[in-house]
Amino acid sequence: MPGSTANPASHLFDEALLALAWSLWTELGVAGVARHHGTWAVDPEALLIFTASLAERDPRLRDESLDAALHLAPYLSMGRMKLLLAQADPPTVDAFADYAATFNAAARGEARFPQTQAAEPLPFRRTGKSKLGTFQAPSQVFLRLRALFGVGARADALVVILGLPHPGWFAADLAARTGLAKRVASTVLQDLARGGLLEVAAVGNRLRYDLLHRPETLALTGAFPSIQPSWSPLFRFLITLQALLQRAPSRKEVALLVDAQRALQLFQTEQTRCGLPQPRLPLNTWPEVAAWSVALAEGLARGQWEGLGVG
Amino acid sequence: MDLTHLRLDELLHLVGDLLTDRGAVVEAVAIGGGSLLLLGLIERPTRDLDLVAILEQGLLRRAEPMPSLLRQAVEDVARLRGLDEHWINAAPSSLLDQGLPEGFMARAQRRDYGGLILHLASRVDQIAFKLYAAVGQGPLSKHAADLQRLEPTAGELLKAAAWTRIQDPSDGFQSVLVEVLAHFGVQEEGGSLAR
């Protein structure tokens, strides 16, 4: 591949991101060969946006993911996709515009991805290799709960509330973890409490919601994955690192370190908000950062949560 | 964190590299302990580098407000290297209001750090700035100690004193100035320091 010897870290990182995307799509029904995320909750909208940003490097991934997305369209949240897109960087939004135009042309009005800018559909023909089965796999928990409870904030909130050991939920915590607006998260919590699934208690001037009937509810909803990353911030972090690695040969080392530090701090803030582990990135030299980034991406592609550097 | 000559030089290169990466060039005028360190005129570590002016299109303007790209680069390097975010600052900007010593820029030493170009005040001009600061903070201050290290002659001190009187023509300043000069063995003669 051109550039692979000139910029080996960038090449390895790209390969790892593609492997990660393929493995995650395989969990959602794409005919892939490597599957390393059976115990990870796969976030379909975050994965779609991430895949769009990689599509130029792997047209087959683009086509297979679009094929799968056409199958999964009834279980995708276009509103959530729009929210996540609003947090994406401009190159990702640009890439998604082409991807969305291609999807929308192929869907012929049956479903529509949000398009924030004009774009022409790319050449695309359905391969028909993706299979839409039942959503029993733990990794398909988002799709399963949407199939059970409808596509919306309540199903996504339940994925988080049922899937994460948590002493009790405040609206702000749930909003951070799900990507929902705080007002929407608050409404969902109230509804679930009225439905008898949560118990509400006042803590200072805030309301905390505790899950009741967990075993009974899990018996209804089926198996949950043991790992629930907050995918959208993680993908954004990976895309930033990817851009830095690509441009590294033409940039000053200090500028790369500063940008890496900024990206890391943003990611750490998101991880903290979600109660997830924080990676420790060495920021002494760029080669160290590059090596750490490649190890992170390769670990994630292999389904290793340790790839975040937290053991 | 105290900065040695080598450390300060390395950090300035980082700032210059950041400015280059962002497509900017900033030219500034530095005085004080940091610039003395860079010139090799003192060896004591310093906490910061003081900018008095920014050179834009051949004209000097106050260093405050610092150009946003420079300020951002300084803060970025501070965060990256664990420094105080004001390790380069524009604290002495007001010295420009009454004018720098005549011939200042011709005597200044230019140092290039990529996108950052510094004009370091010459030894003679540093004597004027240090004398002014020593009057403000007393003969036992670090400024007086720096002034001592510059080994000024009586003539250089008197010339410097004349410039400080432009900065502060008050009687109070005059009386302390006389004391500081006396501390350096220079006496007022025939009211030559008088307004």
# chains A, B, ... in the order shown; residues from 1 in each chain; ligands from 1
$ closest_atom_pairs --of "chain B" --to "chain A" --cutoff "8 Å" --atoms "only C-alpha atoms" --output "tab-separated table"
residue	atom	partner	partner_atom	distance
B:Leu14	CA	A:Val254	CA	6.1
B:Asp17	CA	A:Lys252	CA	6.1
B:Leu18	CA	A:Ala255	CA	5.4
B:Asp21	CA	A:Lys252	CA	6.3
B:Asp76	CA	A:Val258	CA	6.3
B:Val77	CA	A:Val258	CA	7.5
B:Leu80	CA	A:Val258	CA	6.6
$ write_last_selection --atoms "N, CA and C atoms" --output "PDB file, in the first residue's frame"
ATOM      1  N   LEU B  14      10.154  25.366  20.954  1.00  0.00           N
ATOM      2  CA  LEU B  14       8.846  24.706  20.888  1.00  0.00           C
ATOM      3  C   LEU B  14       7.762  25.721  20.506  1.00  0.00           C
ATOM      4  N   ASP B  17       8.172  26.529  16.895  1.00  0.00           N
ATOM      5  CA  ASP B  17       7.686  25.427  16.047  1.00  0.00           C
ATOM      6  C   ASP B  17       6.160  25.417  15.976  1.00  0.00           C
ATOM      7  N   LEU B  18       5.521  25.682  17.108  1.00  0.00           N
ATOM      8  CA  LEU B  18       4.049  25.722  17.109  1.00  0.00           C
ATOM      9  C   LEU B  18       3.542  26.839  16.209  1.00  0.00           C
ATOM     10  N   ASP B  21       3.950  25.811  12.683  1.00  0.00           N
ATOM     11  CA  ASP B  21       2.928  24.812  12.337  1.00  0.00           C
ATOM     12  C   ASP B  21       1.590  25.490  12.059  1.00  0.00           C
ATOM     13  N   ASP B  76       0.021  26.360  25.283  1.00  0.00           N
ATOM     14  CA  ASP B  76       0.135  24.953  24.860  1.00  0.00           C
ATOM     15  C   ASP B  76       1.436  24.337  25.361  1.00  0.00           C
ATOM     16  N   VAL B  77       2.522  25.097  25.216  1.00  0.00           N
ATOM     17  CA  VAL B  77       3.811  24.578  25.678  1.00  0.00           C
ATOM     18  C   VAL B  77       3.800  24.444  27.204  1.00  0.00           C
ATOM     19  N   LEU B  80       1.965  21.320  28.041  1.00  0.00           N
ATOM     20  CA  LEU B  80       2.727  20.133  27.621  1.00  0.00           C
ATOM     21  C   LEU B  80       3.906  19.876  28.545  1.00  0.00           C
TER      22      LEU B  80
END
$ residues_around --residues "Glu64 (chain B)" --least-positions-apart "5" --cutoff "8 Å" --atoms "only C-alpha atoms" --output "PyMOL selection string"
chain B and resi 53+90-91+93
$ select_by_dssp --residues "region 1-250 of chain A" --states "strand (DSSP E)" --output "JSON, numbers by chain"
{"A": [198, 199, 200, 201, 202, 203, 206, 207, 208, 209, 210, 211]}
$ closest_residue --among "B:Ser122, B:Ser175, B:Thr164, B:Gln137" --to "Leu36 (chain B)" --atoms "only C-alpha atoms"
B:Ser122
$ residues_around --residues "Phe104 (chain B)" --least-positions-apart "6" --cutoff "12 Å" --atoms "only C-alpha atoms" --output "PDB file with N, CA and C atoms, in the first residue's frame"
ATOM      1  N   VAL B  29       9.959  41.756  21.525  1.00  0.00           N
ATOM      2  CA  VAL B  29      11.133  42.327  22.184  1.00  0.00           C
ATOM      3  C   VAL B  29      11.128  41.881  23.631  1.00  0.00           C
ATOM      4  N   ALA B  30      12.244  41.255  24.056  1.00  0.00           N
ATOM      5  CA  ALA B  30      12.313  40.719  25.417  1.00  0.00           C
ATOM      6  C   ALA B  30      13.334  41.478  26.240  1.00  0.00           C
ATOM      7  N   ILE B  31      12.988  41.663  27.515  1.00  0.00           N
ATOM      8  CA  ILE B  31      13.915  42.304  28.456  1.00  0.00           C
ATOM      9  C   ILE B  31      13.906  41.470  29.743  1.00  0.00           C
ATOM     10  N   ALA B  53       7.504  44.465  24.049  1.00  0.00           N
ATOM     11  CA  ALA B  53       6.885  44.986  22.823  1.00  0.00           C
ATOM     12  C   ALA B  53       6.755  43.889  21.775  1.00  0.00           C
ATOM     13  N   LEU B  60       6.924  49.168  16.747  1.00  0.00           N
ATOM     14  CA  LEU B  60       6.765  48.533  18.055  1.00  0.00           C
ATOM     15  C   LEU B  60       5.421  48.902  18.649  1.00  0.00           C
ATOM     16  N   LEU B  96       7.033  50.715  27.428  1.00  0.00           N
ATOM     17  CA  LEU B  96       7.059  51.230  26.054  1.00  0.00           C
ATOM     18  C   LEU B  96       6.361  52.591  25.946  1.00  0.00           C
ATOM     19  N   HIS B 119      13.903  39.841  19.881  1.00  0.00           N
ATOM     20  CA  HIS B 119      14.935  40.871  19.923  1.00  0.00           C
ATOM     21  C   HIS B 119      15.261  41.057  21.400  1.00  0.00           C
ATOM     22  N   LEU B 120      16.454  40.656  21.781  1.00  0.00           N
ATOM     23  CA  LEU B 120      16.841  40.696  23.195  1.00  0.00           C
ATOM     24  C   LEU B 120      17.547  42.008  23.501  1.00  0.00           C
ATOM     25  N   ALA B 121      17.083  42.663  24.537  1.00  0.00           N
ATOM     26  CA  ALA B 121      17.684  43.953  24.901  1.00  0.00           C
ATOM     27  C   ALA B 121      19.172  43.777  25.153  1.00  0.00           C
ATOM     28  N   SER B 122      19.965  44.737  24.664  1.00  0.00           N
ATOM     29  CA  SER B 122      21.425  44.656  24.828  1.00  0.00           C
ATOM     30  C   SER B 122      21.795  44.873  26.297  1.00  0.00           C
ATOM     31  N   ARG B 123      23.042  44.595  26.615  1.00  0.00           N
ATOM     32  CA  ARG B 123      23.514  44.747  27.996  1.00  0.00           C
ATOM     33  C   ARG B 123      23.287  46.187  28.493  1.00  0.00           C
ATOM     34  N   VAL B 124      23.603  47.155  27.649  1.00  0.00           N
ATOM     35  CA  VAL B 124      23.465  48.563  28.062  1.00  0.00           C
ATOM     36  C   VAL B 124      22.004  48.880  28.396  1.00  0.00           C
ATOM     37  N   ASP B 125      21.108  48.388  27.581  1.00  0.00           N
ATOM     38  CA  ASP B 125      19.688  48.679  27.827  1.00  0.00           C
ATOM     39  C   ASP B 125      19.160  47.887  29.029  1.00  0.00           C
ATOM     40  N   GLN B 126      19.697  46.681  29.204  1.00  0.00           N
ATOM     41  CA  GLN B 126      19.286  45.889  30.374  1.00  0.00           C
ATOM     42  C   GLN B 126      19.685  46.629  31.665  1.00  0.00           C
ATOM     43  N   ALA B 128      19.616  49.784  32.095  1.00  0.00           N
ATOM     44  CA  ALA B 128      18.565  50.786  32.338  1.00  0.00           C
ATOM     45  C   ALA B 128      17.319  50.132  32.946  1.00  0.00           C
ATOM     46  N   PHE B 129      16.905  48.990  32.379  1.00  0.00           N
ATOM     47  CA  PHE B 129      15.696  48.326  32.891  1.00  0.00           C
ATOM     48  C   PHE B 129      15.923  47.810  34.314  1.00  0.00           C
ATOM     49  N   TRP B 163      17.424  57.766  31.671  1.00  0.00           N
ATOM     50  CA  TRP B 163      16.257  57.140  31.007  1.00  0.00           C
ATOM     51  C   TRP B 163      15.170  56.789  32.049  1.00  0.00           C
TER      52      TRP B 163
END
$ atom_distance --atom1 "CA of Trp231 (chain A)" --atom2 "CA of Leu218 (chain A)"
22.8 Å
$ closest_atom_pairs --of "region 160-260 of chain A" --to "region 20-37 of chain A" --cutoff "12 Å" --atoms "only C-alpha atoms" --output "tab-separated table"
residue	atom	partner	partner_atom	distance
A:Pro225	CA	A:His37	CA	9.3
A:Ser226	CA	A:His37	CA	10.3
A:Ile227	CA	A:His37	CA	9.1
A:Gln228	CA	A:His37	CA	10.7
A:Pro229	CA	A:His37	CA	11.4
A:Trp231	CA	A:Leu24	CA	11.2
A:Phe235	CA	A:Ala21	CA	10.3
A:Leu238	CA	A:Leu20	CA	11.0
$ select_by_dssp --residues "region 28-177 of chain A" --states "alpha helix (DSSP H)" --output "PyMOL selection string"
chain A and resi 44-54+59-72+78-86+90-107+141-149+153-163+171-177
